[in-house]
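Accompanying notes for the structure given below.
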Amino acid sequence: MLMKKRTRINVLLAEQPIGETVVVKGWVKSFRNNQFISLNDGSCFDSLQIVVDRDDVEEKILKQITPGAALGVKGKLIESRGKGQSVEIDAEDVIVYGPANPETYPLQPKKHSKEFLREIAHLRFRTNTFGAIFRIRHAISYAIHQFFNEQKFYYLHTPIITASDAEGAGEMFRVTTLDLDNTPKTEDGKIDFKKDFFERETHLTVSGQLEAELGALALGQVYTFGPTFRAENSNTSRHLAEFWMVEPEVAFADLEENMDLAEKMLKYIITYTLVNCSQDLQFLNDQLEKEESQKPKNERSAMSLLDRLQFCVDYDFARITYTEAIDILKKSKPNKKKKFNYIIEEWGADLQSEHERYLVEKHFKKPVILYDYPKNIKAFYMKVNEDGKTVRAMDILFPGIGEIIGGSQREENIDILLDRMKEMNIPEEELYWYLDIRKYGSCPHSGYGLGFERMVQFVTGMGNIRDVIPFPRTPGNAAF
RNA sequence: GCCUCAGUAGCUCAGCUGGUUAGAGCGGCGGACUGUUAAUCCGUAGGUCAUAGGUUCGAGCCCUAUCUGAGGCGCCA
């Protein structure tokens, strides 16, 4: 039996062509009463109810309709006789494309823990929660491209394999084709990278920023959106070894314009998902409410997921300097009562995540942009302020996530930049290409990096970053 | 990398102060059921208590090490 021209379930539910004979294909969520199949094809959160008459369908086929099985169904779309759904299909033909052995299929029609599903990440797409998360992840990705396109930015593909070891953004993964059991050596006994594929040491990128700066100082405004790799042994709910980062870079923009762009982008993304992912978000919202209701009252969050998202869109982010933040923290209760693990005593201290969390979740109760940090706790390329002590850096802090964006105005004065590089032991020779844009037609420019998965975490309300990327890469984990 | 907590059936968990044969719900298997909504009902199988040592007359429970997972910290996005 041939079944062509399948209609996606989201289209059927939106258009509801009652009385038409249609073909749908998808995977069984549940089969109730030997009569009602709940079929999901991934096109939307909702499943479609298929009604089979067990006298019309062979026993052999009926036996194969179990959770996870792939089916094709042909039948007439009718108004549902039951409650719970508006339309259903009165099945005429059912094909089983691929059965799913119920003795071994790990997904049951019940709630599973996210930790368990992470162990079977290749199958977790089939669940309600992860279906919703990955549809939303797509929408956020699309919204980012749409935002920058509307703002007249160019999407720049920066390299994934890089030679420079000087970006200072963390430990790097090595890229090599050398035989590790028999590496060629130079005369003084070191590994001879001249014999390697690129005839030099290479690594996976930790940031596309330096390359993006080169693009921005010709194309005006560009953004990158690609995979980024950090070989840090980070074991937290906010870090991945392989993650995606969005890095806009704008010529002639100062730090204020940089902050404006970042805030506008974040609000655009959230608004886009509220409009286009309402059903998936509603489901995640309700799931989180249920989880919250299990917690003791003082640990529950004040706002629901949907309220938090709407709040972010409706109100301006708080903007304060590092210096103002230190004042607030010094006067704060947890600092006076020594509740912080790191007590803030003087200007210049690096802020710990407990401090950032206090500012965002207790003091301002909304996203916070911190700027003008002490220069000695920030990267070499950030523009030094006139006070000589601070740099034009900014971090955007979100509730529950911490730093979601880190950015700065870049130092465009080559003499100051060279001094900074000497101070911080950054080798000049390796970055000659980066310095060249300061030699020829240098200009003020700014940019930032958005942690894409952290954004998806915020929008979906997921506590662990491993649950918002299809195949998480973390220390000790790269199985599939 | 550091600190804390956890690991009992396929999944989620209970298991008292160390004491006889290890418990439930869901799932599986067999059956019933034509308006169900994580369907329901009847019956049934299923365990190297993470692994390796140790203490004890006796260990799921106590101790040590290892592995795995979670939460927190650092690094950062």
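Note on naming: chains are A, B, ... as they come in the structure tokens, residues start from 1 per chain, ligands start from 1 in the order shown.
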
| said: From a backbone DSSP assignment, name each residue in range 333-420 of chain A labelled alpha helix (DSSP H), as a VMD selection string. | reply: chain A and resid 333 to 336 353 to 357 414 to 420

For the residues in the current selection, export N, CA, C and O atoms as a PDB file, in the first residue's frame.
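Final output, saved to selection33.pdb:
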ATOM      1  N   LYS A 333      23.305  43.046  53.151  1.00  0.00           N
ATOM      2  CA  LYS A 333      23.172  42.203  54.356  1.00  0.00           C
ATOM      3  C   LYS A 333      24.120  41.008  54.348  1.00  0.00           C
ATOM      4  O   LYS A 333      24.841  40.792  55.320  1.00  0.00           O
ATOM      5  N   PRO A 334      24.114  40.190  53.264  1.00  0.00           N
ATOM      6  CA  PRO A 334      24.990  39.008  53.300  1.00  0.00           C
ATOM      7  C   PRO A 334      26.468  39.356  53.428  1.00  0.00           C
ATOM      8  O   PRO A 334      27.242  38.555  53.952  1.00  0.00           O
ATOM      9  N   ASN A 335      26.851  40.565  52.980  1.00  0.00           N
ATOM     10  CA  ASN A 335      28.255  40.952  53.135  1.00  0.00           C
ATOM     11  C   ASN A 335      28.537  41.343  54.585  1.00  0.00           C
ATOM     12  O   ASN A 335      29.523  40.915  55.174  1.00  0.00           O
ATOM     13  N   LYS A 336      27.615  42.138  55.182  1.00  0.00           N
ATOM     14  CA  LYS A 336      27.792  42.572  56.572  1.00  0.00           C
ATOM     15  C   LYS A 336      27.712  41.390  57.529  1.00  0.00           C
ATOM     16  O   LYS A 336      28.435  41.330  58.514  1.00  0.00           O
ATOM     17  N   SER A 353      30.176  34.334  41.604  1.00  0.00           N
ATOM     18  CA  SER A 353      28.789  34.173  41.143  1.00  0.00           C
ATOM     19  C   SER A 353      27.774  34.440  42.241  1.00  0.00           C
ATOM     20  O   SER A 353      26.653  34.841  41.968  1.00  0.00           O
ATOM     21  N   GLU A 354      28.160  34.267  43.523  1.00  0.00           N
ATOM     22  CA  GLU A 354      27.227  34.599  44.604  1.00  0.00           C
ATOM     23  C   GLU A 354      26.915  36.109  44.619  1.00  0.00           C
ATOM     24  O   GLU A 354      25.787  36.504  44.935  1.00  0.00           O
ATOM     25  N   HIS A 355      27.893  36.924  44.245  1.00  0.00           N
ATOM     26  CA  HIS A 355      27.670  38.375  44.221  1.00  0.00           C
ATOM     27  C   HIS A 355      26.779  38.761  43.041  1.00  0.00           C
ATOM     28  O   HIS A 355      25.872  39.583  43.173  1.00  0.00           O
ATOM     29  N   GLU A 356      27.100  38.166  41.890  1.00  0.00           N
ATOM     30  CA  GLU A 356      26.272  38.455  40.714  1.00  0.00           C
ATOM     31  C   GLU A 356      24.831  38.052  40.979  1.00  0.00           C
ATOM     32  O   GLU A 356      23.892  38.758  40.631  1.00  0.00           O
ATOM     33  N   ARG A 357      24.671  36.875  41.603  1.00  0.00           N
ATOM     34  CA  ARG A 357      23.324  36.391  41.889  1.00  0.00           C
ATOM     35  C   ARG A 357      22.603  37.334  42.849  1.00  0.00           C
ATOM     36  O   ARG A 357      21.410  37.590  42.695  1.00  0.00           O
ATOM     37  N   ILE A 414      46.754  51.718  18.995  1.00  0.00           N
ATOM     38  CA  ILE A 414      47.733  50.634  18.924  1.00  0.00           C
ATOM     39  C   ILE A 414      48.802  50.713  20.006  1.00  0.00           C
ATOM     40  O   ILE A 414      49.240  49.672  20.528  1.00  0.00           O
ATOM     41  N   ASP A 415      49.193  51.917  20.408  1.00  0.00           N
ATOM     42  CA  ASP A 415      50.237  52.026  21.437  1.00  0.00           C
ATOM     43  C   ASP A 415      49.739  51.511  22.785  1.00  0.00           C
ATOM     44  O   ASP A 415      50.425  50.769  23.482  1.00  0.00           O
ATOM     45  N   ILE A 416      48.504  51.936  23.119  1.00  0.00           N
ATOM     46  CA  ILE A 416      47.937  51.464  24.391  1.00  0.00           C
ATOM     47  C   ILE A 416      47.748  49.953  24.340  1.00  0.00           C
ATOM     48  O   ILE A 416      48.064  49.238  25.298  1.00  0.00           O
ATOM     49  N   LEU A 417      47.288  49.457  23.189  1.00  0.00           N
ATOM     50  CA  LEU A 417      47.051  48.017  23.052  1.00  0.00           C
ATOM     51  C   LEU A 417      48.357  47.227  23.207  1.00  0.00           C
ATOM     52  O   LEU A 417      48.395  46.215  23.906  1.00  0.00           O
ATOM     53  N   LEU A 418      49.417  47.730  22.578  1.00  0.00           N
ATOM     54  CA  LEU A 418      50.716  47.044  22.686  1.00  0.00           C
ATOM     55  C   LEU A 418      51.215  47.023  24.135  1.00  0.00           C
ATOM     56  O   LEU A 418      51.752  46.020  24.597  1.00  0.00           O
ATOM     57  N   ASP A 419      51.006  48.151  24.834  1.00  0.00           N
ATOM     58  CA  ASP A 419      51.390  48.191  26.250  1.00  0.00           C
ATOM     59  C   ASP A 419      50.628  47.142  27.048  1.00  0.00           C
ATOM     60  O   ASP A 419      51.195  46.440  27.881  1.00  0.00           O
ATOM     61  N   ARG A 420      49.321  47.056  26.786  1.00  0.00           N
ATOM     62  CA  ARG A 420      48.470  46.089  27.504  1.00  0.00           C
ATOM     63  C   ARG A 420      48.937  44.653  27.224  1.00  0.00           C
ATOM     64  O   ARG A 420      48.965  43.817  28.116  1.00  0.00           O
TER      65      ARG A 420
END

| request: For U68 in chain B, please output as a list in words all residues within 12 Å (counting only C-alpha atoms (C1' of nucleotides); exclusion window: fewer than 4 positions along the same chain). | output: Glu115, Glu119, Gly476 and Asn477 of chain A; A6, G7, A50 and U51 of chain B

| query | Which one is closest to chain A: B:G60, B:G53, B:G47, B:G25? Count only C-alpha atoms (C1' of nucleotides). | reply |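 Comparing B:G60, B:G53, B:G47, B:G25 against chain A, the winner is B:G25.
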
| task | For chain A, work out the contacting residues on chain B at 8 Å, counting only C-alpha atoms (C1' of nucleotides), and write them as a ChimeraX atom specification. | result | /B:1,10-12,26-28,33-39,69,75-77
